[in-house]
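S.K.: So I've got this file, work16.csv, and it contains CSV, C-alpha atoms:
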```csv
chain,number,residue,atom,x,y,z
A,1,MET,CA,42.3,-41.0,18.0
A,2,PRO,CA,41.9,-42.2,14.4
A,3,ASP,CA,38.6,-42.5,12.7
A,4,THR,CA,37.2,-45.7,11.2
A,5,HIS,CA,35.8,-46.4,7.8
A,6,THR,CA,32.2,-46.5,9.1
A,7,LEU,CA,29.0,-44.4,8.9
A,8,ASP,CA,29.3,-43.6,12.7
A,9,SER,CA,32.8,-42.3,12.3
A,10,LEU,CA,31.8,-40.3,9.2
A,11,LEU,CA,29.0,-38.6,11.1
A,12,ALA,CA,31.4,-37.9,13.9
A,13,ALA,CA,33.8,-36.3,11.5
A,14,ASN,CA,31.0,-34.2,10.2
A,15,GLU,CA,30.1,-33.1,13.7
A,16,ARG,CA,33.7,-32.3,14.4
A,17,PHE,CA,33.8,-30.0,11.4
A,18,TYR,CA,31.0,-27.9,12.9
A,19,ARG,CA,32.4,-28.0,16.5
A,20,THR,CA,35.8,-26.8,15.1
A,21,PHE,CA,34.0,-23.9,13.4
A,22,GLU,CA,32.3,-23.0,16.7
A,23,ALA,CA,35.7,-23.1,18.4
A,24,LEU,CA,36.9,-20.5,15.8
A,25,ASP,CA,40.1,-22.5,15.7
A,26,TYR,CA,41.7,-21.9,12.3
A,27,PRO,CA,44.6,-24.4,12.5
A,28,ALA,CA,42.1,-27.2,13.6
A,29,MET,CA,39.8,-26.1,10.7
A,30,ALA,CA,42.7,-26.4,8.2
A,31,ARG,CA,43.3,-29.9,9.5
A,32,CYS,CA,39.7,-30.9,8.9
A,33,TRP,CA,40.3,-30.3,5.1
A,34,GLU,CA,42.0,-32.7,2.7
A,35,GLN,CA,45.6,-31.9,1.5
A,36,SER,CA,44.5,-31.7,-2.2
A,37,GLU,CA,43.5,-29.3,-4.9
A,38,ARG,CA,40.0,-30.8,-5.3
A,39,LEU,CA,38.7,-28.7,-2.4
A,40,PHE,CA,35.4,-27.0,-3.2
A,41,CYS,CA,33.5,-24.8,-0.8
A,42,VAL,CA,30.2,-22.8,-1.1
A,43,HIS,CA,29.6,-20.7,2.0
A,44,PRO,CA,25.8,-19.8,2.1
A,45,GLY,CA,25.2,-17.1,-0.4
A,46,TRP,CA,28.9,-16.9,-1.6
A,47,ALA,CA,30.3,-17.8,-5.0
A,48,PRO,CA,32.0,-21.2,-4.9
A,49,LEU,CA,35.7,-21.4,-4.0
A,50,ARG,CA,37.9,-24.1,-5.7
A,51,GLY,CA,41.3,-25.2,-4.7
A,52,ARG,CA,43.0,-25.5,-1.3
A,53,ARG,CA,44.3,-22.0,-1.0
A,54,PRO,CA,41.1,-20.1,-1.8
A,55,VAL,CA,39.1,-22.4,0.4
A,56,LEU,CA,41.4,-22.2,3.4
A,57,GLU,CA,41.8,-18.4,3.0
A,58,SER,CA,38.1,-18.0,3.2
A,59,TRP,CA,38.0,-19.9,6.5
A,60,ALA,CA,40.8,-17.8,7.9
A,61,ARG,CA,38.8,-14.7,7.0
A,62,ILE,CA,35.5,-16.0,8.3
A,63,ILE,CA,37.0,-17.1,11.6
A,64,GLU,CA,38.9,-13.8,12.0
A,65,ASN,CA,35.7,-11.8,11.5
A,66,THR,CA,33.3,-13.9,13.6
A,67,GLU,CA,32.8,-13.2,17.2
A,68,THR,CA,30.6,-16.2,18.1
A,69,ILE,CA,28.9,-18.9,16.0
A,70,HIS,CA,26.7,-21.8,17.0
A,71,PHE,CA,25.3,-24.7,14.9
A,72,ASP,CA,22.1,-26.6,15.7
A,73,LEU,CA,22.4,-29.7,13.4
A,74,SER,CA,19.6,-31.9,12.4
A,75,GLY,CA,18.5,-34.6,10.0
A,76,ALA,CA,22.0,-35.7,9.2
A,77,GLU,CA,22.1,-38.6,6.7
A,78,ALA,CA,25.3,-40.4,5.7
A,79,THR,CA,26.3,-42.8,3.0
A,80,LEU,CA,29.6,-44.5,2.1
A,81,SER,CA,30.7,-45.1,-1.5
A,82,GLY,CA,34.2,-46.6,-1.5
A,83,ASP,CA,36.6,-43.9,-0.1
A,84,VAL,CA,34.0,-41.1,-0.3
A,85,GLY,CA,31.7,-40.3,2.6
A,86,ILE,CA,28.6,-38.3,1.7
A,87,VAL,CA,26.8,-36.4,4.5
A,88,THR,CA,23.8,-34.1,4.1
A,89,VAL,CA,22.6,-32.1,7.1
A,90,PHE,CA,20.5,-29.2,8.1
A,91,GLU,CA,22.2,-26.4,10.0
A,92,VAL,CA,20.5,-23.6,12.0
A,93,ILE,CA,23.3,-21.1,12.3
A,94,SER,CA,23.3,-18.4,15.0
A,95,SER,CA,26.3,-16.0,14.7
A,96,LYS,CA,27.6,-12.6,15.7
A,97,VAL,CA,29.7,-10.8,13.1
A,98,GLY,CA,30.8,-7.4,14.3
A,99,GLN,CA,27.8,-6.0,16.1
A,100,GLU,CA,25.3,-7.9,14.0
A,101,ARG,CA,23.5,-11.0,15.1
A,102,HIS,CA,22.4,-13.5,12.4
A,103,SER,CA,20.3,-16.6,12.4
A,104,SER,CA,19.6,-18.7,9.3
A,105,GLY,CA,18.7,-22.2,8.0
A,106,VAL,CA,21.0,-24.0,5.7
A,107,VAL,CA,21.2,-27.4,3.9
A,108,ALA,CA,24.7,-28.7,3.3
A,109,THR,CA,26.3,-31.4,1.2
A,110,ASN,CA,29.6,-32.4,2.8
A,111,LEU,CA,31.9,-34.9,1.1
A,112,PHE,CA,34.7,-36.5,3.0
A,113,GLY,CA,37.6,-38.5,1.6
A,114,TRP,CA,38.9,-41.5,3.6
A,115,ASP,CA,42.6,-41.2,4.3
A,116,GLU,CA,43.6,-44.8,4.9
A,117,LYS,CA,47.2,-44.0,6.0
A,118,ALA,CA,46.2,-41.4,8.6
A,119,GLY,CA,42.9,-43.2,9.5
A,120,LEU,CA,41.0,-40.0,9.1
A,121,TRP,CA,38.0,-38.6,7.3
A,122,LYS,CA,39.0,-35.3,5.6
A,123,LEU,CA,36.5,-32.9,4.1
A,124,PHE,CA,37.0,-31.9,0.5
A,125,HIS,CA,33.7,-30.5,-0.6
A,126,HIS,CA,31.2,-28.3,1.4
A,127,HIS,CA,28.2,-26.9,-0.5
A,128,ALA,CA,25.9,-25.0,1.9
A,129,SER,CA,22.8,-23.0,0.8
A,130,HIS,CA,20.0,-21.3,2.5
A,131,CYS,CA,16.7,-23.2,3.0
A,132,VAL,CA,13.8,-23.6,5.3
A,133,VAL,CA,14.8,-26.2,7.9
A,134,PRO,CA,11.9,-28.7,8.4
A,135,GLU,CA,10.7,-29.0,12.0
A,136,ASP,CA,10.5,-32.7,11.8
A,137,SER,CA,14.2,-33.0,11.1
A,138,GLU,CA,15.0,-32.4,14.7
A,139,ALA,CA,14.8,-36.0,15.8
A,140,GLY,CA,18.5,-36.5,15.2
A,141,PRO,CA,20.8,-38.3,12.8
A,142,LEU,CA,19.3,-40.7,10.4
A,143,LEU,CA,21.5,-43.3,8.6
A,144,VAL,CA,20.6,-44.7,5.2
B,145,MET,CA,25.8,-46.1,-26.4
B,146,PRO,CA,27.3,-47.0,-23.0
B,147,ASP,CA,29.4,-44.5,-21.0
B,148,THR,CA,32.9,-45.1,-19.9
B,149,HIS,CA,34.5,-44.7,-16.5
B,150,THR,CA,36.4,-41.6,-17.5
B,151,LEU,CA,36.2,-37.8,-16.8
B,152,ASP,CA,35.1,-37.1,-20.4
B,153,SER,CA,32.2,-39.5,-20.1
B,154,LEU,CA,31.3,-38.2,-16.7
B,155,LEU,CA,31.1,-34.6,-18.1
B,156,ALA,CA,29.1,-35.9,-21.0
B,157,ALA,CA,26.6,-37.5,-18.6
B,158,ASN,CA,26.4,-34.2,-16.7
B,159,GLU,CA,25.7,-32.4,-20.0
B,160,ARG,CA,23.0,-35.1,-20.9
B,161,PHE,CA,21.2,-34.4,-17.6
B,162,TYR,CA,20.8,-30.7,-18.5
B,163,ARG,CA,19.8,-31.4,-22.2
B,164,THR,CA,17.2,-33.9,-20.9
B,165,PHE,CA,15.8,-31.3,-18.7
B,166,GLU,CA,15.7,-28.8,-21.6
B,167,ALA,CA,13.8,-31.5,-23.7
B,168,LEU,CA,11.2,-31.7,-20.8
B,169,ASP,CA,11.3,-35.4,-21.3
B,170,TYR,CA,10.2,-37.0,-18.0
B,171,PRO,CA,10.9,-40.6,-18.8
B,172,ALA,CA,14.4,-39.7,-20.0
B,173,MET,CA,14.9,-37.6,-16.8
B,174,ALA,CA,13.9,-40.6,-14.7
B,175,ARG,CA,16.5,-42.7,-16.5
B,176,CYS,CA,19.2,-40.2,-15.7
B,177,TRP,CA,18.7,-41.0,-12.0
B,178,GLU,CA,20.0,-44.0,-10.1
B,179,GLN,CA,17.6,-46.8,-9.0
B,180,SER,CA,18.3,-46.3,-5.3
B,181,GLU,CA,17.1,-44.7,-2.2
B,182,ARG,CA,20.1,-42.5,-1.7
B,183,LEU,CA,18.7,-39.9,-4.2
B,184,PHE,CA,19.0,-36.4,-2.9
B,185,CYS,CA,17.9,-33.2,-4.8
B,186,VAL,CA,18.0,-29.5,-3.9
B,187,HIS,CA,16.3,-27.5,-6.6
B,188,PRO,CA,17.4,-23.8,-6.3
B,189,GLY,CA,15.5,-22.3,-3.4
B,190,TRP,CA,13.7,-25.5,-2.5
B,191,ALA,CA,14.0,-27.6,0.6
B,192,PRO,CA,16.0,-30.8,-0.1
B,193,LEU,CA,14.2,-33.9,-1.3
B,194,ARG,CA,15.5,-37.3,-0.2
B,195,GLY,CA,14.6,-40.8,-1.6
B,196,ARG,CA,13.7,-41.9,-5.2
B,197,ARG,CA,10.0,-41.1,-5.1
B,198,PRO,CA,10.1,-37.6,-3.8
B,199,VAL,CA,13.0,-36.7,-6.1
B,200,LEU,CA,11.3,-38.1,-9.3
B,201,GLU,CA,7.9,-36.6,-8.3
B,202,SER,CA,9.5,-33.2,-8.2
B,203,TRP,CA,10.9,-33.7,-11.7
B,204,ALA,CA,7.5,-34.8,-13.0
B,205,ARG,CA,5.9,-31.7,-11.5
B,206,ILE,CA,8.6,-29.3,-12.7
B,207,ILE,CA,8.6,-30.7,-16.2
B,208,GLU,CA,4.8,-30.5,-16.3
B,209,ASN,CA,4.8,-26.9,-15.3
B,210,THR,CA,7.6,-25.6,-17.4
B,211,GLU,CA,6.9,-24.3,-20.9
B,212,THR,CA,10.6,-23.8,-22.0
B,213,ILE,CA,13.9,-24.0,-20.2
B,214,HIS,CA,17.5,-23.4,-21.3
B,215,PHE,CA,20.8,-23.9,-19.6
B,216,ASP,CA,24.0,-22.1,-20.3
B,217,LEU,CA,26.6,-24.2,-18.6
B,218,SER,CA,30.1,-23.0,-17.7
B,219,GLY,CA,33.1,-23.8,-15.6
B,220,ALA,CA,32.4,-27.5,-15.2
B,221,GLU,CA,35.0,-29.4,-13.2
B,222,ALA,CA,34.9,-33.1,-12.7
B,223,THR,CA,36.8,-35.6,-10.5
B,224,LEU,CA,36.5,-39.3,-10.1
B,225,SER,CA,36.8,-41.1,-6.8
B,226,GLY,CA,36.2,-44.8,-7.2
B,227,ASP,CA,32.7,-45.3,-8.4
B,228,VAL,CA,31.6,-41.8,-7.6
B,229,GLY,CA,31.9,-39.0,-10.2
B,230,ILE,CA,31.8,-35.5,-8.8
B,231,VAL,CA,30.9,-32.6,-11.1
B,232,THR,CA,30.5,-28.9,-10.1
B,233,VAL,CA,29.1,-26.5,-12.7
B,234,PHE,CA,27.6,-23.1,-13.1
B,235,GLU,CA,24.2,-22.9,-14.7
B,236,VAL,CA,22.5,-19.8,-16.2
B,237,ILE,CA,18.9,-20.8,-16.3
B,238,SER,CA,16.4,-19.1,-18.7
B,239,SER,CA,12.9,-20.5,-18.3
B,240,LYS,CA,9.2,-19.8,-18.9
B,241,VAL,CA,6.9,-21.0,-16.2
B,242,GLY,CA,3.2,-20.2,-17.0
B,243,GLN,CA,3.5,-16.6,-18.3
B,244,GLU,CA,6.5,-15.7,-16.3
B,245,ARG,CA,10.0,-15.6,-17.7
B,246,HIS,CA,12.9,-16.2,-15.3
B,247,SER,CA,16.7,-16.0,-15.5
B,248,SER,CA,19.0,-17.0,-12.7
B,249,GLY,CA,22.6,-18.0,-11.9
B,250,VAL,CA,23.1,-21.3,-10.0
B,251,VAL,CA,26.0,-23.4,-8.8
B,252,ALA,CA,25.4,-27.1,-8.7
B,253,THR,CA,27.1,-30.1,-7.1
B,254,ASN,CA,26.2,-33.2,-9.1
B,255,LEU,CA,27.2,-36.7,-7.9
B,256,PHE,CA,27.0,-39.6,-10.3
B,257,GLY,CA,27.4,-43.3,-9.5
B,258,TRP,CA,29.1,-45.6,-11.9
B,259,ASP,CA,26.9,-48.5,-12.9
B,260,GLU,CA,29.4,-51.1,-14.1
B,261,LYS,CA,26.8,-53.5,-15.3
B,262,ALA,CA,24.9,-51.0,-17.5
B,263,GLY,CA,28.0,-49.1,-18.3
B,264,LEU,CA,26.3,-45.8,-17.3
B,265,TRP,CA,26.8,-42.8,-15.1
B,266,LYS,CA,23.6,-42.3,-13.0
B,267,LEU,CA,22.9,-39.2,-11.1
B,268,PHE,CA,22.1,-39.7,-7.4
B,269,HIS,CA,22.8,-36.2,-5.8
B,270,HIS,CA,21.9,-32.8,-7.2
B,271,HIS,CA,22.5,-29.7,-5.0
B,272,ALA,CA,21.8,-26.5,-6.8
B,273,SER,CA,21.8,-23.1,-5.2
B,274,HIS,CA,21.6,-19.5,-6.4
B,275,CYS,CA,24.9,-17.6,-6.9
B,276,VAL,CA,26.5,-15.0,-9.0
B,277,VAL,CA,28.0,-16.8,-12.0
B,278,PRO,CA,31.5,-15.5,-12.6
B,279,GLU,CA,32.1,-14.0,-16.1
B,280,ASP,CA,35.5,-15.7,-16.5
B,281,SER,CA,33.9,-19.2,-16.1
B,282,GLU,CA,32.6,-19.1,-19.6
B,283,ALA,CA,35.7,-20.5,-21.2
B,284,GLY,CA,34.2,-24.0,-21.0
B,285,PRO,CA,34.8,-27.2,-19.1
B,286,LEU,CA,37.9,-27.5,-17.0
B,287,LEU,CA,39.1,-30.9,-15.9
B,288,VAL,CA,41.1,-31.3,-12.6
```
Kindly transcribe the structure held in the file into structure tokens.
M.R.:
Amino acid sequence: MPDTHTLDSLLAANERFYRTFEALDYPAMARCWEQSERLFCVHPGWAPLRGRRPVLESWARIIENTETIHFDLSGAEATLSGDVGIVTVFEVISSKVGQERHSSGVVATNLFGWDEKAGLWKLFHHHASHCVVPEDSEAGPLLV
Amino acid sequence: MPDTHTLDSLLAANERFYRTFEALDYPAMARCWEQSERLFCVHPGWAPLRGRRPVLESWARIIENTETIHFDLSGAEATLSGDVGIVTVFEVISSKVGQERHSSGVVATNLFGWDEKAGLWKLFHHHASHCVVPEDSEAGPLLV
């Protein structure tokens, strides 16, 4: 089903990105990202990756090496500016990589481009970094 | 002198933001930021700040408590998407806060809005997080 050029649809696309990651479905993850060279991705604690191939290769590697991962999202805020959708969100990540279990708080800037022809929001920029997730951000998505 | 709606001008606005910070000039820093409530700012290692007042108050506090600060910028990449200018850049920050000297590597996502009336790029989103700055990024700005 196509997206719409609205805040609700943008937030749904953002949610879909995290649920796709949880499903550890690489082909679906590749489809979340825009077909362009402006792709930019900072995984928490990593150096930034630029360009479609480095970004998608990182996802292939992460998905291959992750046993389970779960995201508790909170405090999502979304704004539209022309064909760019800007989402900021807190993530509490619980994962199992090999035999190690991890849990960490992250803040992410996610930028989506509106693909008018396909009727889809496609991710082109993900900047995630560690932070303390505020307790009062758990009330759910806020739109501004 | 007004900016123009071009990549060069966007990169110059990005550079101006850092030089204003170096000058520890709070009124000029406040003028770098958009007059809107979509302001978002993650200082490295801080929790994110949302809204004009919390963001500007953080700058007032930082500028008040900083004796000297210097930015070595590298690997800047800029893209335009309608009225949004997207810049990613590496910062090597050298600062003196009280008697302590700090040096750290950071990657930043800076989003600027194009103010057609004023003919200016105004910052509305700054997400900075610690990272290892690659040595080969020192060759200077790259445009994509």
S.K.: Quote the spacing between atom CA of B:Gly229 and atom CA of B:Gln179 in Å to one decimal place.
M.R.: 16.3 Å
S.K.: Tell me, as an MDAnalysis selection string, which residues lie within 10 Å of A:His5, counting all atoms listed in the file; anything in the same chain fewer than 4 positions away does not count.
M.R.: chainID A and resid 9:10 80 82:85 114:116 119:121
S.K.: For a quick check of understanding, using only C-alpha atoms, which of A:Asn65, A:Thr20, A:Ser129, A:Ser95 has the smallest distance to B:Gly189?
M.R.: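 Ranking A:Asn65, A:Thr20, A:Ser129, A:Ser95 by distance to B:Gly189, first place goes to A:Ser129.
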S.K.: For chain A, list the residues within 8 Å of chain B, counting only C-alpha atoms, and write the list as a ChimeraX atom specification.
M.R.: /A:38,45-48,79,81-84,107,109,127,129-133,144
S.K.: Please indicate the distance in Å from atom CA of A:Leu39 to atom CA of A:Val55, rounded to one decimal place.
M.R.: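 Between atom CA of A:Leu39 and atom CA of A:Val55 the gap works out to 6.9 Å.
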S.K.: Tell me which protein, DNA and RNA residues are within 9 Å of A:Asn14, counting only C-alpha atoms, leaving out same-chain ones fewer than 2 positions away, and put them as JSON, numbers by chain.
M.R.: {"A": [9, 10, 11, 12, 16, 17, 18, 19, 87, 110, 112, 121, 123]}
S.K.: Identify the residues within 6 Å of coordinate (21.2, -41.1, -18.0) (same frame as the file), considering all atoms listed in the file, and give the answer as a PDB file with C-alpha atoms, keeping the file's coordinate frame.
M.R.:
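Once written, out_33.pdb looks like this:
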```pdb
ATOM      1  CA  ARG B 175      16.500 -42.700 -16.500  1.00  0.00           C
ATOM      2  CA  CYS B 176      19.200 -40.200 -15.700  1.00  0.00           C
ATOM      3  CA  LYS B 266      23.600 -42.300 -13.000  1.00  0.00           C
TER       4      LYS B 266
END
```
S.K.: Pick out the residues sitting within 6 Å of B:Val236, and hand them over as a list of chain:residue names; count only C-alpha atoms, and ignore anything fewer than 2 positions along from it in its own chain.
M.R.: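 The contact residues come out as B:Phe215, B:Asp216, B:Ser248, B:Gly249.
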S.K.: Using Å and a single decimal, report how far atom CA of B:Asp147 sits from atom CA of B:Ile213.
M.R.: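 Computed distance, atom CA of B:Ile213 to atom CA of B:Asp147, equals 25.7 Å.
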S.K.: Which polymer residues have any atom within 9 Å of an atom of A:Glu64, counting only C-alpha atoms, with same-chain residues fewer than 4 positions away left out, as a list in words?
M.R.: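 Residues meeting the cut-off are Leu24, Tyr26, Trp59 and Ala60 of chain A.
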S.K.: Around (5.6, -32.2, -15.1), as given in the file, which residues come within 12 Å? Count only C-alpha atoms and list them as a count of residues only.
M.R.: 22
S.K.: Could you rebuild stretch 95-118 of chain A with N, CA and C atoms and give me the result as a PDB file, in the frame of the given file?
M.R.:
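File produced: selection.pdb:
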```
ATOM      1  N   SER A  95      24.911 -16.567  14.680  1.00  0.00           N
ATOM      2  CA  SER A  95      26.300 -16.000  14.700  1.00  0.00           C
ATOM      3  C   SER A  95      26.237 -14.524  15.075  1.00  0.00           C
ATOM      4  N   LYS A  96      27.393 -14.035  15.480  1.00  0.00           N
ATOM      5  CA  LYS A  96      27.600 -12.600  15.700  1.00  0.00           C
ATOM      6  C   LYS A  96      28.806 -12.187  14.947  1.00  0.00           C
ATOM      7  N   VAL A  97      28.576 -11.332  13.945  1.00  0.00           N
ATOM      8  CA  VAL A  97      29.700 -10.800  13.100  1.00  0.00           C
ATOM      9  C   VAL A  97      29.703  -9.336  13.324  1.00  0.00           C
ATOM     10  N   GLY A  98      30.814  -8.841  13.920  1.00  0.00           N
ATOM     11  CA  GLY A  98      30.800  -7.400  14.300  1.00  0.00           C
ATOM     12  C   GLY A  98      29.718  -7.238  15.364  1.00  0.00           C
ATOM     13  N   GLN A  99      28.873  -6.236  15.152  1.00  0.00           N
ATOM     14  CA  GLN A  99      27.800  -6.000  16.100  1.00  0.00           C
ATOM     15  C   GLN A  99      26.469  -6.663  15.650  1.00  0.00           C
ATOM     16  N   GLU A 100      26.507  -7.334  14.495  1.00  0.00           N
ATOM     17  CA  GLU A 100      25.300  -7.900  14.000  1.00  0.00           C
ATOM     18  C   GLU A 100      25.061  -9.363  14.344  1.00  0.00           C
ATOM     19  N   ARG A 101      23.840  -9.651  14.774  1.00  0.00           N
ATOM     20  CA  ARG A 101      23.500 -11.000  15.100  1.00  0.00           C
ATOM     21  C   ARG A 101      22.698 -11.611  13.880  1.00  0.00           C
ATOM     22  N   HIS A 102      23.032 -12.833  13.487  1.00  0.00           N
ATOM     23  CA  HIS A 102      22.400 -13.500  12.400  1.00  0.00           C
ATOM     24  C   HIS A 102      21.840 -14.859  12.806  1.00  0.00           C
ATOM     25  N   SER A 103      20.741 -15.273  12.201  1.00  0.00           N
ATOM     26  CA  SER A 103      20.300 -16.600  12.400  1.00  0.00           C
ATOM     27  C   SER A 103      19.732 -17.110  11.021  1.00  0.00           C
ATOM     28  N   SER A 104      20.142 -18.269  10.563  1.00  0.00           N
ATOM     29  CA  SER A 104      19.600 -18.700   9.300  1.00  0.00           C
ATOM     30  C   SER A 104      19.653 -20.234   9.144  1.00  0.00           C
ATOM     31  N   GLY A 105      18.785 -20.723   8.278  1.00  0.00           N
ATOM     32  CA  GLY A 105      18.700 -22.200   8.000  1.00  0.00           C
ATOM     33  C   GLY A 105      19.429 -22.500   6.734  1.00  0.00           C
ATOM     34  N   VAL A 106      20.116 -23.616   6.787  1.00  0.00           N
ATOM     35  CA  VAL A 106      21.000 -24.000   5.700  1.00  0.00           C
ATOM     36  C   VAL A 106      20.900 -25.513   5.467  1.00  0.00           C
ATOM     37  N   VAL A 107      21.028 -25.937   4.215  1.00  0.00           N
ATOM     38  CA  VAL A 107      21.200 -27.400   3.900  1.00  0.00           C
ATOM     39  C   VAL A 107      22.636 -27.514   3.351  1.00  0.00           C
ATOM     40  N   ALA A 108      23.358 -28.513   3.805  1.00  0.00           N
ATOM     41  CA  ALA A 108      24.700 -28.700   3.300  1.00  0.00           C
ATOM     42  C   ALA A 108      24.959 -30.098   2.790  1.00  0.00           C
ATOM     43  N   THR A 109      25.719 -30.147   1.707  1.00  0.00           N
ATOM     44  CA  THR A 109      26.300 -31.400   1.200  1.00  0.00           C
ATOM     45  C   THR A 109      27.776 -31.368   1.591  1.00  0.00           C
ATOM     46  N   ASN A 110      28.194 -32.321   2.399  1.00  0.00           N
ATOM     47  CA  ASN A 110      29.600 -32.400   2.800  1.00  0.00           C
ATOM     48  C   ASN A 110      30.174 -33.739   2.316  1.00  0.00           C
ATOM     49  N   LEU A 111      31.264 -33.648   1.553  1.00  0.00           N
ATOM     50  CA  LEU A 111      31.900 -34.900   1.100  1.00  0.00           C
ATOM     51  C   LEU A 111      33.271 -35.013   1.753  1.00  0.00           C
ATOM     52  N   PHE A 112      33.504 -36.208   2.265  1.00  0.00           N
ATOM     53  CA  PHE A 112      34.700 -36.500   3.000  1.00  0.00           C
ATOM     54  C   PHE A 112      35.489 -37.612   2.216  1.00  0.00           C
ATOM     55  N   GLY A 113      36.803 -37.492   2.192  1.00  0.00           N
ATOM     56  CA  GLY A 113      37.600 -38.500   1.600  1.00  0.00           C
ATOM     57  C   GLY A 113      38.262 -39.349   2.743  1.00  0.00           C
ATOM     58  N   TRP A 114      38.307 -40.656   2.568  1.00  0.00           N
ATOM     59  CA  TRP A 114      38.900 -41.500   3.600  1.00  0.00           C
ATOM     60  C   TRP A 114      40.406 -41.599   3.360  1.00  0.00           C
ATOM     61  N   ASP A 115      41.172 -41.117   4.336  1.00  0.00           N
ATOM     62  CA  ASP A 115      42.600 -41.200   4.300  1.00  0.00           C
ATOM     63  C   ASP A 115      43.065 -42.427   5.043  1.00  0.00           C
ATOM     64  N   GLU A 116      43.313 -43.484   4.279  1.00  0.00           N
ATOM     65  CA  GLU A 116      43.600 -44.800   4.900  1.00  0.00           C
ATOM     66  C   GLU A 116      44.877 -44.736   5.732  1.00  0.00           C
ATOM     67  N   LYS A 117      45.883 -44.009   5.264  1.00  0.00           N
ATOM     68  CA  LYS A 117      47.200 -44.000   6.000  1.00  0.00           C
ATOM     69  C   LYS A 117      47.029 -43.293   7.341  1.00  0.00           C
ATOM     70  N   ALA A 118      46.319 -42.151   7.357  1.00  0.00           N
ATOM     71  CA  ALA A 118      46.200 -41.400   8.600  1.00  0.00           C
ATOM     72  C   ALA A 118      44.995 -41.974   9.445  1.00  0.00           C
TER      73      ALA A 118
END
```
